[in-house]
$ cat model-v7.pdb   # PDB, C-alpha atoms, pLDDT in the B column
ATOM      1  CA  MET J   1     127.562  80.470  76.254  1.00 54.00           C
ATOM      2  CA  TYR J   2     126.424  78.493  73.248  1.00 71.00           C
ATOM      3  CA  ASP J   3     124.466  79.115  70.088  1.00 82.00           C
ATOM      4  CA  GLU J   4     121.448  76.999  69.236  1.00 89.00           C
ATOM      5  CA  LEU J   5     122.030  75.806  65.687  1.00 92.00           C
ATOM      6  CA  THR J   6     120.595  73.158  63.387  1.00 93.00           C
ATOM      7  CA  LYS J   7     122.515  70.326  61.748  1.00 93.00           C
ATOM      8  CA  ILE J   8     122.360  72.222  58.447  1.00 93.00           C
ATOM      9  CA  ASP J   9     123.887  75.303  60.135  1.00 94.00           C
ATOM     10  CA  ILE J  10     126.791  73.140  61.318  1.00 94.00           C
ATOM     11  CA  GLN J  11     127.146  71.578  57.864  1.00 94.00           C
ATOM     12  CA  LYS J  12     127.204  74.990  56.145  1.00 94.00           C
ATOM     13  CA  MET J  13     129.812  76.287  58.595  1.00 95.00           C
ATOM     14  CA  GLN J  14     131.992  73.227  58.031  1.00 96.00           C
ATOM     15  CA  GLU J  15     131.738  73.731  54.265  1.00 95.00           C
ATOM     16  CA  GLU J  16     132.882  77.333  54.661  1.00 96.00           C
ATOM     17  CA  ILE J  17     135.764  76.246  56.931  1.00 97.00           C
ATOM     18  CA  ASP J  18     136.882  73.693  54.351  1.00 97.00           C
ATOM     19  CA  TYR J  19     136.728  76.314  51.594  1.00 97.00           C
ATOM     20  CA  ARG J  20     138.652  78.870  53.639  1.00 97.00           C
ATOM     21  CA  ILE J  21     141.323  76.314  54.569  1.00 97.00           C
ATOM     22  CA  SER J  22     141.783  75.628  50.854  1.00 97.00           C
ATOM     23  CA  LEU J  23     142.465  79.373  50.386  1.00 96.00           C
ATOM     24  CA  ARG J  24     145.309  79.432  52.929  1.00 96.00           C
ATOM     25  CA  PRO J  25     148.188  78.375  50.602  1.00 96.00           C
ATOM     26  CA  GLN J  26     147.326  81.074  48.074  1.00 96.00           C
ATOM     27  CA  LEU J  27     146.940  83.738  50.786  1.00 94.00           C
ATOM     28  CA  ARG J  28     150.332  82.769  52.267  1.00 94.00           C
ATOM     29  CA  ALA J  29     151.868  82.958  48.794  1.00 94.00           C
ATOM     30  CA  ASP J  30     150.322  86.412  48.279  1.00 91.00           C
ATOM     31  CA  VAL J  31     151.891  87.633  51.539  1.00 89.00           C
ATOM     32  CA  GLN J  32     155.291  86.189  50.592  1.00 90.00           C
ATOM     33  CA  GLN J  33     155.127  87.687  47.099  1.00 89.00           C
ATOM     34  CA  ALA J  34     154.153  91.107  48.467  1.00 84.00           C
ATOM     35  CA  ARG J  35     156.973  90.909  51.056  1.00 82.00           C
ATOM     36  CA  GLU J  36     159.490  90.498  48.249  1.00 80.00           C
ATOM     37  CA  LEU J  37     158.432  93.824  46.703  1.00 76.00           C
ATOM     38  CA  GLY J  38     160.654  95.773  49.095  1.00 72.00           C
ATOM     39  CA  ASP J  39     160.362  98.153  52.039  1.00 70.00           C
ATOM     40  CA  LEU J  40     157.565  96.820  54.273  1.00 68.00           C
ATOM     41  CA  SER J  41     156.876 100.215  55.865  1.00 71.00           C
ATOM     42  CA  GLU J  42     155.654 101.565  52.523  1.00 73.00           C
ATOM     43  CA  ASN J  43     154.403  98.335  50.995  1.00 75.00           C
ATOM     44  CA  ASP J  44     150.636  98.617  50.686  1.00 84.00           C
ATOM     45  CA  GLU J  45     150.354  95.280  48.857  1.00 86.00           C
ATOM     46  CA  TYR J  46     151.992  93.569  51.832  1.00 87.00           C
ATOM     47  CA  ARG J  47     149.579  95.149  54.334  1.00 88.00           C
ATOM     48  CA  THR J  48     146.608  94.227  52.143  1.00 90.00           C
ATOM     49  CA  ALA J  49     147.776  90.623  51.723  1.00 91.00           C
ATOM     50  CA  LYS J  50     148.393  90.297  55.487  1.00 92.00           C
ATOM     51  CA  ARG J  51     144.943  91.747  56.219  1.00 94.00           C
ATOM     52  CA  GLU J  52     143.223  89.292  53.851  1.00 95.00           C
ATOM     53  CA  LYS J  53     145.121  86.352  55.341  1.00 95.00           C
ATOM     54  CA  GLY J  54     144.198  87.540  58.845  1.00 95.00           C
ATOM     55  CA  LYS J  55     140.511  87.937  57.954  1.00 96.00           C
ATOM     56  CA  ASN J  56     140.427  84.439  56.499  1.00 96.00           C
ATOM     57  CA  ASP J  57     142.129  82.908  59.560  1.00 96.00           C
ATOM     58  CA  SER J  58     139.856  84.873  61.886  1.00 96.00           C
ATOM     59  CA  ARG J  59     136.731  83.618  60.106  1.00 95.00           C
ATOM     60  CA  ILE J  60     137.989  80.024  60.348  1.00 96.00           C
ATOM     61  CA  ARG J  61     138.563  80.400  64.104  1.00 96.00           C
ATOM     62  CA  TYR J  62     135.143  82.028  64.556  1.00 93.00           C
ATOM     63  CA  LEU J  63     133.334  79.220  62.711  1.00 94.00           C
ATOM     64  CA  GLN J  64     135.309  76.494  64.503  1.00 95.00           C
ATOM     65  CA  ASN J  65     134.430  78.079  67.849  1.00 93.00           C
ATOM     66  CA  MET J  66     130.757  78.304  66.859  1.00 92.00           C
ATOM     67  CA  ILE J  67     130.734  74.601  65.992  1.00 94.00           C
ATOM     68  CA  ALA J  68     132.595  73.627  69.173  1.00 94.00           C
ATOM     69  CA  THR J  69     130.183  75.511  71.428  1.00 93.00           C
ATOM     70  CA  ALA J  70     126.945  74.912  69.508  1.00 93.00           C
ATOM     71  CA  LYS J  71     123.910  73.207  70.914  1.00 92.00           C
ATOM     72  CA  ILE J  72     122.179  71.236  68.142  1.00 93.00           C
ATOM     73  CA  ILE J  73     118.444  71.910  68.035  1.00 91.00           C
ATOM     74  CA  ASP J  74     115.598  70.409  66.073  1.00 87.00           C
ATOM     75  CA  ALA J  75     113.512  72.684  63.844  1.00 83.00           C
ATOM     76  CA  ASP J  76     110.261  70.782  64.451  1.00 83.00           C
ATOM     77  CA  SER J  77     107.302  72.543  66.085  1.00 84.00           C
ATOM     78  CA  LYS J  78     103.610  71.926  66.619  1.00 87.00           C
ATOM     79  CA  ALA J  79     101.403  72.408  63.556  1.00 88.00           C
ATOM     80  CA  ASP J  80      99.545  75.381  65.034  1.00 91.00           C
ATOM     81  CA  GLU J  81     102.491  77.166  66.702  1.00 95.00           C
ATOM     82  CA  VAL J  82     105.229  79.423  65.367  1.00 95.00           C
ATOM     83  CA  GLY J  83     108.447  77.462  65.095  1.00 93.00           C
ATOM     84  CA  LEU J  84     111.876  77.744  63.587  1.00 94.00           C
ATOM     85  CA  PHE J  85     111.888  78.486  59.812  1.00 94.00           C
ATOM     86  CA  ASP J  86     108.160  79.328  59.767  1.00 95.00           C
ATOM     87  CA  LYS J  87     106.896  82.414  57.911  1.00 96.00           C
ATOM     88  CA  VAL J  88     104.745  84.540  60.183  1.00 97.00           C
ATOM     89  CA  THR J  89     102.325  87.248  59.126  1.00 96.00           C
ATOM     90  CA  LEU J  90     102.016  89.885  61.838  1.00 96.00           C
ATOM     91  CA  TYR J  91      99.545  92.734  62.049  1.00 96.00           C
ATOM     92  CA  ILE J  92     101.361  95.679  63.632  1.00 94.00           C
ATOM     93  CA  GLU J  93      98.616  97.547  65.487  1.00 91.00           C
ATOM     94  CA  GLU J  94     100.494 100.827  65.892  1.00 91.00           C
ATOM     95  CA  ASP J  95     101.226 101.139  62.156  1.00 92.00           C
ATOM     96  CA  ASP J  96      98.002  99.479  60.942  1.00 93.00           C
ATOM     97  CA  GLU J  97      99.946  97.264  58.535  1.00 95.00           C
ATOM     98  CA  GLU J  98     101.048  93.685  58.065  1.00 95.00           C
ATOM     99  CA  GLU J  99     104.594  92.380  58.104  1.00 95.00           C
ATOM    100  CA  VAL J 100     105.841  88.954  57.054  1.00 96.00           C
ATOM    101  CA  CYS J 101     108.985  87.504  58.573  1.00 96.00           C
ATOM    102  CA  ARG J 102     110.689  84.142  58.766  1.00 96.00           C
ATOM    103  CA  ILE J 103     112.047  82.916  62.093  1.00 96.00           C
ATOM    104  CA  VAL J 104     115.594  81.549  61.673  1.00 95.00           C
ATOM    105  CA  THR J 105     118.680  80.713  63.717  1.00 93.00           C
ATOM    106  CA  THR J 106     121.031  83.554  64.606  1.00 90.00           C
ATOM    107  CA  LEU J 107     123.536  82.338  62.040  1.00 90.00           C
ATOM    108  CA  ARG J 108     121.075  82.911  59.177  1.00 92.00           C
ATOM    109  CA  GLU J 109     119.577  86.204  60.265  1.00 92.00           C
ATOM    110  CA  ASN J 110     119.095  88.728  57.454  1.00 92.00           C
ATOM    111  CA  VAL J 111     116.524  91.379  58.292  1.00 89.00           C
ATOM    112  CA  LEU J 112     116.671  92.863  54.777  1.00 91.00           C
ATOM    113  CA  GLU J 113     115.452  89.502  53.431  1.00 91.00           C
ATOM    114  CA  GLY J 114     112.802  89.145  56.155  1.00 92.00           C
ATOM    115  CA  CYS J 115     114.762  86.521  58.106  1.00 94.00           C
ATOM    116  CA  VAL J 116     114.536  87.342  61.805  1.00 95.00           C
ATOM    117  CA  SER J 117     116.612  85.599  64.456  1.00 94.00           C
ATOM    118  CA  LYS J 118     114.754  83.500  67.002  1.00 93.00           C
ATOM    119  CA  GLU J 119     116.797  85.354  69.621  1.00 92.00           C
ATOM    120  CA  SER J 120     115.744  88.830  68.450  1.00 94.00           C
ATOM    121  CA  PRO J 121     112.964  90.668  70.317  1.00 95.00           C
ATOM    122  CA  MET J 122     110.482  89.794  67.546  1.00 95.00           C
ATOM    123  CA  GLY J 123     111.636  86.180  67.339  1.00 95.00           C
ATOM    124  CA  LYS J 124     111.373  85.694  71.102  1.00 94.00           C
ATOM    125  CA  ALA J 125     107.921  87.285  71.144  1.00 95.00           C
ATOM    126  CA  VAL J 126     106.356  85.093  68.439  1.00 95.00           C
ATOM    127  CA  LEU J 127     108.122  81.737  68.893  1.00 95.00           C
ATOM    128  CA  GLY J 128     105.656  79.181  70.243  1.00 94.00           C
ATOM    129  CA  LYS J 129     102.625  81.434  69.761  1.00 95.00           C
ATOM    130  CA  LYS J 130      99.490  80.664  67.706  1.00 95.00           C
ATOM    131  CA  VAL J 131      97.343  82.457  65.131  1.00 96.00           C
ATOM    132  CA  GLY J 132      95.284  85.131  66.886  1.00 94.00           C
ATOM    133  CA  ASP J 133      97.768  85.628  69.729  1.00 95.00           C
ATOM    134  CA  ARG J 134      98.643  89.227  70.563  1.00 96.00           C
ATOM    135  CA  VAL J 135     102.313  89.648  71.409  1.00 96.00           C
ATOM    136  CA  LYS J 136     104.355  92.488  72.849  1.00 95.00           C
ATOM    137  CA  ILE J 137     107.592  93.149  70.982  1.00 95.00           C
ATOM    138  CA  SER J 138     110.203  95.160  72.903  1.00 94.00           C
ATOM    139  CA  PRO J 139     113.181  96.145  70.725  1.00 92.00           C
ATOM    140  CA  THR J 140     114.534  98.397  73.498  1.00 92.00           C
ATOM    141  CA  PRO J 141     113.722  98.793  77.192  1.00 92.00           C
ATOM    142  CA  ASP J 142     112.071 102.149  76.425  1.00 94.00           C
ATOM    143  CA  PHE J 143     110.010 101.114  73.408  1.00 94.00           C
ATOM    144  CA  SER J 144     107.587  98.308  72.701  1.00 93.00           C
ATOM    145  CA  TYR J 145     104.655  97.655  70.420  1.00 94.00           C
ATOM    146  CA  TYR J 146     101.938  95.041  69.959  1.00 95.00           C
ATOM    147  CA  ALA J 147     101.349  92.724  67.053  1.00 95.00           C
ATOM    148  CA  VAL J 148      98.761  90.069  66.301  1.00 97.00           C
ATOM    149  CA  ILE J 149      99.753  86.842  64.604  1.00 96.00           C
ATOM    150  CA  ARG J 150      97.534  86.587  61.533  1.00 96.00           C
ATOM    151  CA  ALA J 151      99.021  83.551  59.770  1.00 95.00           C
ATOM    152  CA  ILE J 152     101.694  80.894  60.130  1.00 95.00           C
ATOM    153  CA  GLU J 153     103.182  79.189  57.090  1.00 95.00           C
ATOM    154  CA  LYS J 154     105.083  76.143  58.254  1.00 94.00           C
ATOM    155  CA  GLY J 155     108.637  75.941  56.972  1.00 91.00           C
ATOM    156  CA  LYS J 156     111.625  73.676  57.243  1.00 89.00           C
ATOM    157  CA  ASP J 157     115.369  74.115  57.467  1.00 89.00           C
ATOM    158  CA  ASP J 158     116.328  75.270  53.973  1.00 85.00           C
ATOM    159  CA  PRO J 159     119.892  74.375  52.941  1.00 87.00           C
ATOM    160  CA  ASP J 160     119.779  77.184  50.348  1.00 86.00           C
ATOM    161  CA  LEU J 161     119.351  79.811  53.078  1.00 87.00           C
ATOM    162  CA  PRO J 162     122.872  81.257  53.466  1.00 87.00           C
ATOM    163  CA  ILE J 163     124.713  81.731  56.725  1.00 88.00           C
ATOM    164  CA  THR J 164     125.710  85.229  57.760  1.00 85.00           C
ATOM    165  CA  SER J 165     129.087  86.391  56.530  1.00 80.00           C
ATOM    166  CA  TYR J 166     131.346  88.789  58.455  1.00 64.00           C
TER     167      TYR J 166
END
$ encode --input "model-v7.pdb" --output "structure tokens"
Amino acid sequence: MYDELTKIDIQKMQEEIDYRISLRPQLRADVQQARELGDLSENDEYRTAKREKGKNDSRIRYLQNMIATAKIIDADSKADEVGLFDKVTLYIEEDDEEEVCRIVTTLRENVLEGCVSKESPMGKAVLGKKVGDRVKISPTPDFSYYAVIRAIEKGKDDPDLPITSY
């Protein structure tokens, strides 16, 4: 299994790895300092320091694995089709309202900011479609709805778009 990521995704992950590696000496020192406070069975500072060190190391391993197994993709698409990083205006027939979303890689998904993963049900439904196309979006096997693509605003891979944290 691999994740389809852009070169900027890889770059942002590597930057976070480098930052987290620079934190390691301080986190190790925090654990050692907390250990010296006494009885480890009742030492909350020690448990907290160990947990923070573990979370940092876990995130480093996760990002390194993502990079190692990633398939690099290009964000280019045809001018009249929905592609990666494009803003799409959808008319949701059932609700009689419009919704704007941006199609992004899984690593940059943030539904609260309107960034929808290309691998989500909505992302899969609209990717490669054109203005005027009616698409069926199926969030669950038991529920689906239809939307019409009203507009496509071409976008590009934005380095300022953050990657997903924990």
$ atom_distance --input "model-v7.pdb" --atom1 "atom CA of J:Tyr62" --atom2 "atom CA of J:Val116"
21.5 Å
$ closest_atom_pairs --input "model-v7.pdb" --of "stretch 26-134 of chain J" --to "stretch 140-149 of chain J" --cutoff "9 Å" --atoms "only C-alpha atoms" --output "CSV"
residue,atom,partner,partner_atom,distance
J:Val88,CA,J:Ile149,CA,7.1
J:Thr89,CA,J:Ile149,CA,6.1
J:Leu90,CA,J:Ile149,CA,4.7
J:Tyr91,CA,J:Val148,CA,5.1
J:Ile92,CA,J:Ala147,CA,4.5
J:Glu93,CA,J:Ala147,CA,5.8
J:Glu94,CA,J:Tyr145,CA,6.9
J:Pro121,CA,J:Thr140,CA,8.5
J:Val126,CA,J:Ile149,CA,7.8
J:Lys129,CA,J:Ile149,CA,8.0
J:Lys130,CA,J:Ile149,CA,6.9
J:Val131,CA,J:Ile149,CA,5.0
J:Gly132,CA,J:Ile149,CA,5.3
J:Asp133,CA,J:Ile149,CA,5.6
J:Arg134,CA,J:Val148,CA,4.3
$ atom_distance --input "model-v7.pdb" --atom1 "atom CA of J:Ile17" --atom2 "atom CA of J:Gly123"
28.1 Å
$ residues_around --input "model-v7.pdb" --residues "J:Asp76" --least-positions-apart "6" --cutoff "8 Å" --atoms "all atoms listed in the file" --output "ChimeraX atom specification"
/J:83-84,156
$ closest_residue --input "model-v7.pdb" --among "J:Arg28, J:Lys124, J:Arg20, J:Thr106" --to "J:Ala70" --atoms "all atoms listed in the file"
J:Thr106
$ atom_distance --input "model-v7.pdb" --atom1 "atom CA of J:Arg150" --atom2 "atom CA of J:Cys115"
17.6 Å
$ resolve_selection --input "model-v7.pdb" --expression "the PyMOL selection byres ((chain J and resi 23) around 12)" --output "list in words"
Glu16, Ile17, Asp18, Tyr19, Arg20, Ile21, Ser22, Arg24, Pro25, Gln26, Leu27, Arg28, Ala29, Asp30, Glu52, Lys53, Gly54, Lys55, Asn56, Asp57 and Ile60 of chain J
$ residues_around --input "model-v7.pdb" --residues "J:Met13" --least-positions-apart "2" --cutoff "8 Å" --atoms "all atoms listed in the file" --output "PyMOL selection string"
chain J and resi 9-11+15-17+63+67+163
$ closest_residue --input "model-v7.pdb" --among "J:Glu99, J:Asp86, J:Glu113, J:Glu153" --to "J:Leu127" --atoms "only C-alpha atoms"
J:Asp86
$ axis_aligned_box --input "model-v7.pdb" --around "stretch 122-126 of chain J" --padding-each-side "5 Å" --output "JSON"
{"center_x": 109.0, "center_y": 87.4, "center_z": 69.2, "size_x": 15.3, "size_y": 14.7, "size_z": 13.8}
$ closest_residue --input "model-v7.pdb" --among "J:Met122, J:Leu37, J:Ile8, J:Val135" --to "J:Asp160" --atoms "all atoms listed in the file"
J:Ile8
$ resolve_selection --input "model-v7.pdb" --expression "the PyMOL selection byres ((chain J and resi 6) around 8)" --output "list in words"
Glu4, Leu5, Lys7, Ile8, Asp9, Ile10, Ile72, Ile73, Asp74, Ala75, Thr105 and Asp157 of chain J
$ closest_residue --input "model-v7.pdb" --among "J:Tyr2, J:Gly128, J:Asp96, J:Pro162" --to "J:Lys71" --atoms "only C-alpha atoms"
J:Tyr2
$ closest_residue --input "model-v7.pdb" --among "J:Gln32, J:Arg108, J:Ile152, J:Pro159" --to "J:Ala79" --atoms "only C-alpha atoms"
J:Ile152
$ closest_residue --input "model-v7.pdb" --among "J:Thr69, J:Lys136, J:Ser77, J:Ala125" --to "J:Asp3" --atoms "all atoms listed in the file"
J:Thr69
$ residues_near_point --input "model-v7.pdb" --point "(116.2, 90.9, 54.4)" --cutoff "12 Å" --atoms "all atoms listed in the file" --output "compact mmCIF listing (two decimals) with C-alpha atoms, keeping the file's coordinate frame"
# COMPACT_ATOMS: atom_id res chain seq x y z
CA VAL J 100 105.84 88.95 57.05
CA CYS J 101 108.98 87.50 58.57
CA ARG J 102 110.69 84.14 58.77
CA ILE J 103 112.05 82.92 62.09
CA VAL J 104 115.59 81.55 61.67
CA ARG J 108 121.08 82.91 59.18
CA GLU J 109 119.58 86.20 60.26
CA ASN J 110 119.10 88.73 57.45
CA VAL J 111 116.52 91.38 58.29
CA LEU J 112 116.67 92.86 54.78
CA GLU J 113 115.45 89.50 53.43
CA GLY J 114 112.80 89.14 56.16
CA CYS J 115 114.76 86.52 58.11
CA VAL J 116 114.54 87.34 61.80
CA SER J 117 116.61 85.60 64.46
CA LEU J 161 119.35 79.81 53.08
CA PRO J 162 122.87 81.26 53.47
CA THR J 164 125.71 85.23 57.76
$ decode --input "model-v7.pdb" --residues "stretch 76-113 of chain J" --atoms "N, CA and C atoms" --output "PDB file, in the first residue's frame"
ATOM      1  N   ASP J  76      -0.827  18.245 -12.062  1.00  0.00           N
ATOM      2  CA  ASP J  76      -1.380  18.820 -13.282  1.00  0.00           C
ATOM      3  C   ASP J  76      -2.639  18.073 -13.728  1.00  0.00           C
ATOM      4  N   SER J  77      -3.575  18.822 -14.308  1.00  0.00           N
ATOM      5  CA  SER J  77      -4.800  18.242 -14.864  1.00  0.00           C
ATOM      6  C   SER J  77      -5.228  19.074 -16.063  1.00  0.00           C
ATOM      7  N   LYS J  78      -6.153  18.549 -16.821  1.00  0.00           N
ATOM      8  CA  LYS J  78      -6.663  19.279 -17.986  1.00  0.00           C
ATOM      9  C   LYS J  78      -7.381  20.541 -17.517  1.00  0.00           C
ATOM     10  N   ALA J  79      -7.384  21.547 -18.371  1.00  0.00           N
ATOM     11  CA  ALA J  79      -7.946  22.862 -18.022  1.00  0.00           C
ATOM     12  C   ALA J  79      -9.434  22.810 -17.682  1.00  0.00           C
ATOM     13  N   ASP J  80     -10.162  21.859 -18.258  1.00  0.00           N
ATOM     14  CA  ASP J  80     -11.609  21.830 -18.041  1.00  0.00           C
ATOM     15  C   ASP J  80     -12.049  20.695 -17.108  1.00  0.00           C
ATOM     16  N   GLU J  81     -11.098  20.018 -16.462  1.00  0.00           N
ATOM     17  CA  GLU J  81     -11.429  18.918 -15.564  1.00  0.00           C
ATOM     18  C   GLU J  81     -10.977  19.220 -14.135  1.00  0.00           C
ATOM     19  N   VAL J  82     -11.682  18.623 -13.181  1.00  0.00           N
ATOM     20  CA  VAL J  82     -11.308  18.757 -11.778  1.00  0.00           C
ATOM     21  C   VAL J  82     -10.022  17.976 -11.548  1.00  0.00           C
ATOM     22  N   GLY J  83      -9.044  18.659 -10.980  1.00  0.00           N
ATOM     23  CA  GLY J  83      -7.773  18.021 -10.669  1.00  0.00           C
ATOM     24  C   GLY J  83      -7.362  18.317  -9.241  1.00  0.00           C
ATOM     25  N   LEU J  84      -6.217  17.827  -8.895  1.00  0.00           N
ATOM     26  CA  LEU J  84      -5.669  18.020  -7.556  1.00  0.00           C
ATOM     27  C   LEU J  84      -5.425  19.507  -7.289  1.00  0.00           C
ATOM     28  N   PHE J  85      -5.831  19.977  -6.135  1.00  0.00           N
ATOM     29  CA  PHE J  85      -5.690  21.352  -5.631  1.00  0.00           C
ATOM     30  C   PHE J  85      -6.657  22.346  -6.288  1.00  0.00           C
ATOM     31  N   ASP J  86      -7.602  21.860  -7.069  1.00  0.00           N
ATOM     32  CA  ASP J  86      -8.624  22.728  -7.658  1.00  0.00           C
ATOM     33  C   ASP J  86      -9.748  22.970  -6.652  1.00  0.00           C
ATOM     34  N   LYS J  87     -10.335  24.184  -6.705  1.00  0.00           N
ATOM     35  CA  LYS J  87     -11.526  24.486  -5.910  1.00  0.00           C
ATOM     36  C   LYS J  87     -12.729  24.171  -6.785  1.00  0.00           C
ATOM     37  N   VAL J  88     -13.662  23.426  -6.215  1.00  0.00           N
ATOM     38  CA  VAL J  88     -14.826  22.963  -6.958  1.00  0.00           C
ATOM     39  C   VAL J  88     -16.085  23.473  -6.278  1.00  0.00           C
ATOM     40  N   THR J  89     -16.961  24.077  -7.062  1.00  0.00           N
ATOM     41  CA  THR J  89     -18.259  24.495  -6.546  1.00  0.00           C
ATOM     42  C   THR J  89     -19.274  23.439  -6.958  1.00  0.00           C
ATOM     43  N   LEU J  90     -19.908  22.842  -5.956  1.00  0.00           N
ATOM     44  CA  LEU J  90     -20.889  21.782  -6.186  1.00  0.00           C
ATOM     45  C   LEU J  90     -22.275  22.261  -5.773  1.00  0.00           C
ATOM     46  N   TYR J  91     -23.256  21.920  -6.576  1.00  0.00           N
ATOM     47  CA  TYR J  91     -24.647  22.161  -6.212  1.00  0.00           C
ATOM     48  C   TYR J  91     -25.193  20.840  -5.682  1.00  0.00           C
ATOM     49  N   ILE J  92     -25.517  20.817  -4.395  1.00  0.00           N
ATOM     50  CA  ILE J  92     -26.049  19.607  -3.765  1.00  0.00           C
ATOM     51  C   ILE J  92     -27.562  19.619  -3.970  1.00  0.00           C
ATOM     52  N   GLU J  93     -28.036  18.743  -4.831  1.00  0.00           N
ATOM     53  CA  GLU J  93     -29.452  18.729  -5.219  1.00  0.00           C
ATOM     54  C   GLU J  93     -30.378  18.513  -4.030  1.00  0.00           C
ATOM     55  N   GLU J  94     -30.055  17.546  -3.190  1.00  0.00           N
ATOM     56  CA  GLU J  94     -30.905  17.178  -2.068  1.00  0.00           C
ATOM     57  C   GLU J  94     -31.120  18.331  -1.088  1.00  0.00           C
ATOM     58  N   ASP J  95     -30.080  19.141  -0.880  1.00  0.00           N
ATOM     59  CA  ASP J  95     -30.156  20.252   0.071  1.00  0.00           C
ATOM     60  C   ASP J  95     -30.454  21.587  -0.602  1.00  0.00           C
ATOM     61  N   ASP J  96     -30.456  21.633  -1.920  1.00  0.00           N
ATOM     62  CA  ASP J  96     -30.670  22.841  -2.695  1.00  0.00           C
ATOM     63  C   ASP J  96     -29.713  23.958  -2.260  1.00  0.00           C
ATOM     64  N   GLU J  97     -28.424  23.588  -2.157  1.00  0.00           N
ATOM     65  CA  GLU J  97     -27.408  24.582  -1.791  1.00  0.00           C
ATOM     66  C   GLU J  97     -26.079  24.240  -2.451  1.00  0.00           C
ATOM     67  N   GLU J  98     -25.210  25.257  -2.471  1.00  0.00           N
ATOM     68  CA  GLU J  98     -23.886  25.073  -3.054  1.00  0.00           C
ATOM     69  C   GLU J  98     -22.855  24.848  -1.964  1.00  0.00           C
ATOM     70  N   GLU J  99     -21.812  24.112  -2.343  1.00  0.00           N
ATOM     71  CA  GLU J  99     -20.702  23.836  -1.435  1.00  0.00           C
ATOM     72  C   GLU J  99     -19.415  23.976  -2.233  1.00  0.00           C
ATOM     73  N   VAL J 100     -18.421  24.618  -1.627  1.00  0.00           N
ATOM     74  CA  VAL J 100     -17.126  24.778  -2.280  1.00  0.00           C
ATOM     75  C   VAL J 100     -16.107  23.940  -1.511  1.00  0.00           C
ATOM     76  N   CYS J 101     -15.337  23.153  -2.240  1.00  0.00           N
ATOM     77  CA  CYS J 101     -14.292  22.370  -1.599  1.00  0.00           C
ATOM     78  C   CYS J 101     -13.044  22.388  -2.474  1.00  0.00           C
ATOM     79  N   ARG J 102     -11.938  22.067  -1.867  1.00  0.00           N
ATOM     80  CA  ARG J 102     -10.664  21.993  -2.571  1.00  0.00           C
ATOM     81  C   ARG J 102     -10.186  20.553  -2.501  1.00  0.00           C
ATOM     82  N   ILE J 103      -9.819  19.985  -3.626  1.00  0.00           N
ATOM     83  CA  ILE J 103      -9.363  18.602  -3.679  1.00  0.00           C
ATOM     84  C   ILE J 103      -7.861  18.580  -3.389  1.00  0.00           C
ATOM     85  N   VAL J 104      -7.457  17.829  -2.359  1.00  0.00           N
ATOM     86  CA  VAL J 104      -6.065  17.792  -1.921  1.00  0.00           C
ATOM     87  C   VAL J 104      -5.612  16.346  -1.710  1.00  0.00           C
ATOM     88  N   THR J 105      -4.322  16.171  -1.443  1.00  0.00           N
ATOM     89  CA  THR J 105      -3.819  14.844  -1.105  1.00  0.00           C
ATOM     90  C   THR J 105      -4.287  14.479   0.305  1.00  0.00           C
ATOM     91  N   THR J 106      -4.254  13.209   0.611  1.00  0.00           N
ATOM     92  CA  THR J 106      -4.711  12.728   1.914  1.00  0.00           C
ATOM     93  C   THR J 106      -3.963  13.389   3.050  1.00  0.00           C
ATOM     94  N   LEU J 107      -2.708  13.673   2.843  1.00  0.00           N
ATOM     95  CA  LEU J 107      -1.858  14.256   3.879  1.00  0.00           C
ATOM     96  C   LEU J 107      -2.281  15.678   4.254  1.00  0.00           C
ATOM     97  N   ARG J 108      -3.017  16.350   3.377  1.00  0.00           N
ATOM     98  CA  ARG J 108      -3.398  17.744   3.648  1.00  0.00           C
ATOM     99  C   ARG J 108      -4.899  17.920   3.850  1.00  0.00           C
ATOM    100  N   GLU J 109      -5.589  16.837   4.028  1.00  0.00           N
ATOM    101  CA  GLU J 109      -7.031  16.883   4.224  1.00  0.00           C
ATOM    102  C   GLU J 109      -7.378  17.652   5.499  1.00  0.00           C
ATOM    103  N   ASN J 110      -8.353  18.543   5.386  1.00  0.00           N
ATOM    104  CA  ASN J 110      -8.878  19.283   6.533  1.00  0.00           C
ATOM    105  C   ASN J 110     -10.285  19.737   6.165  1.00  0.00           C
ATOM    106  N   VAL J 111     -11.251  18.909   6.473  1.00  0.00           N
ATOM    107  CA  VAL J 111     -12.634  19.157   6.073  1.00  0.00           C
ATOM    108  C   VAL J 111     -13.159  20.470   6.639  1.00  0.00           C
ATOM    109  N   LEU J 112     -12.723  20.841   7.841  1.00  0.00           N
ATOM    110  CA  LEU J 112     -13.187  22.096   8.446  1.00  0.00           C
ATOM    111  C   LEU J 112     -12.731  23.309   7.649  1.00  0.00           C
ATOM    112  N   GLU J 113     -11.641  23.176   6.904  1.00  0.00           N
ATOM    113  CA  GLU J 113     -11.130  24.260   6.062  1.00  0.00           C
ATOM    114  C   GLU J 113     -11.571  24.095   4.607  1.00  0.00           C
TER     115      GLU J 113
END
